[in-house]
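Trainee: Shown below is the structure under consideration.
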Amino acid sequence: MSKTGLGIAKKMVNAKHDITMKIDNTPGPVFMDEFGRVSRTEQSKSNKIYGVTKTSMKEGNEIEKSDITVFAGAIEHGMKNGGRKSDGNGNAIELKSNTKEENIGATFVHEGTHSILGPNVKDPEKKPSQNGAKHHEEIKKQKRL
């Protein structure tokens with residue numbers, strides 16, 4: 001993953017709870033339904049996803065652990081089939097405008113933000129999506145230098 005100055009990896013390392021990260025290379029899209037269930041089959045009211053963070057909580061609303069999965073096969077599928085993701089400000093980022101590695105990195109930044117924020121956030125997708133978009137912008141700046 002490229003260094004972008006967002007500090008997400010450092011925050012994850014310094015977190016008081018365990019955080020695991022893995023990459024799932026299974027080809028094809030991945031969906032999450034309205035109840036947070038992840039599937040390889042599209043259901044009604046489901047959204048395509050490129051990563052997921054499952055967080056377990058302790059008593060007192062404290063995070064016990066977070067498990068991050070990035071679906072690299074879904075990212076690759078999305079890059080070939082017009083996939084997009086939110087920048088957290090109502091705009092879309094086209095996956096094909098970045099390399100597979102850049103998209104994986106941005107997805108780890110997005111999911112890593114979830115892992116340090118926890119599930120009890122007013123707008124749970126806004127900050128993770130903004131951080132993922134910032135990751136892409138920082139990579140573009142580095143390419144221009």
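Ordering of the structure tokens sets the chain letters (A, B, ...), residue numbers begin anew at 1 in every chain, and ligands are numbered from 1 in the order given.
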Tell me which protein, DNA and RNA residues are within 10 Å of Ala15 of chain A, counting only C-alpha atoms, leaving out same-chain ones fewer than 3 positions away, and put them as a list of chain:residue names.

Mentor: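 Counting only the stated atoms, we get A:Ala9, A:Lys10, A:Lys11, A:Met12, A:Asp18, A:Ile19, A:Ile63, A:Lys65, A:Ser115, A:Ile116.
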
Trainee: Give one line per residue of segment 11-81 of chain A that approaches segment 123-143 of chain A to at most 12 Å, naming the two atoms of the closest pair and their distance in Å to one decimal, counting only C-alpha atoms; sort by chain then ascending residue number and deliver it as CSV.

Mentor:
residue,atom,partner,partner_atom,distance
A:Tyr50,CA,A:Gly132,CA,11.8
A:Gly51,CA,A:Pro128,CA,11.4
A:Val52,CA,A:Pro128,CA,11.4
A:Thr53,CA,A:Pro128,CA,11.1

Trainee: Run DSSP on the backbone and tell me which residues of chain A come out as helix (DSSP H, G or I); list them as a ChimeraX atom specification.

Mentor: /A:8-13,72-80,95-97,100-117,126-144

Trainee: Which residue out of A:Gly118, A:Gly88, A:Gly73, A:Gly5 has the minimum interatomic distance to Ser56 of chain A when only C-alpha atoms are used?

Mentor: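 Looking only at the distances to Ser56 of chain A, the closest residue turns out to be A:Gly118.
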